[in-house]
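Note sheet for the following structure.
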Amino acid sequence: MFLKCFYLSLTGCVTCLDHDEHYILTFPNGYGRQVNALIGIFIFNVLSILTVPWIELGGECSISCSKTGYNASIVFHTKPFYGGKKHRVTAEIFSPNDKKPFCSIEGEWNGVMYAKYSTGENAVFIDTKKMPTIKKKVRKLEDQDDFESRCLWKDVTYNLKIRDIDAATAAKH
């Protein structure tokens with residue numbers, strides 16, 4: 001399957017070239033997280049002692065295809081302060097012109113997601129841990145237009161690789 005992607009601020013378009021379908025999608029927010037413990041009236045940061053920070057996705061997203069009429073509503077759930085799990089996601093998939101979903105999905109976006117279909121069938125929707133890693137095919141920088149992602153961000157990427165944060169920040173402007 002060949003895909004072509006681009007991003008428009010918080011919205012993107014993925015084109016499935018084999019079927020000439022264009023999927024408009026929105027993205028979740030990303031939050032930098034760490035663990036804090038409340039001790040009396042002081043907040044003691046245990047990040048450097050016990051935990052590793054992580055990026056958490058949170059918020060509502062959607063995917064829609066104007067050609068087929070199918071659409072999905074997706075919620076990336078943030079971890080509650082007490083209990084709960086990280087990386088939770090739920091989704092509902094709708095047929096064209098339907099108000100009730102024909103499929104509901106829940107699980108972890110970086111693990112296993114389970115589907116419940118309106119027919120009553122339950123199944124593993126996807127297990128990301130078992131998916132093979134596929135190397136991307138990317139055109140050389142000199143063959144890309146000025147505003148294609150890798151060309152646009154090449155200076156930022158280079159400076160991050162050599163750990164020059166100030167130059168990477170300057171290259172973003």
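All residue names refer to the structure tokens as shown: chains lettered A, B, ... in order, residues numbered from 1 in each chain, ligands numbered from 1 in order.
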Quick one: pick out all strand (DSSP E) residues within range 18-164 of chain A from a backbone DSSP run and write them as a PyMOL selection string.
-> chain A and resi 21-26+29-33+36-39+42-45+54-65+71-77+88-94+103-108+112-117+122-127
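For the set A:Asp164, A:Asp145, A:Glu106, A:Glu21, the residue with the smallest atom-to-atom gap to Ile126 in chain A is A:Glu106, counting only C-alpha atoms.
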Write out as a PyMOL selection string all residues of range 94-154 of chain A that DSSP puts in alpha helix (DSSP H) for this structure's backbone.
-> chain A and resi 149-152+154
Each range 77-165 of chain A residue no farther than 10 Å from range 22-34 of chain A, nearest pair in Å, only C-alpha atoms, as CSV:
residue,atom,partner,partner_atom,distance
A:His77,CA,A:Pro28,CA,9.8
A:Thr78,CA,A:Tyr31,CA,8.9
A:Lys79,CA,A:Arg33,CA,9.7
Find the residues near range 90-105 of chain A: any atom within 10 Å, counting only C-alpha atoms, skip ones fewer than 5 places away on the same chain, and give them as a PyMOL selection string.
-> chain A and resi 60-66+68-77+113-126
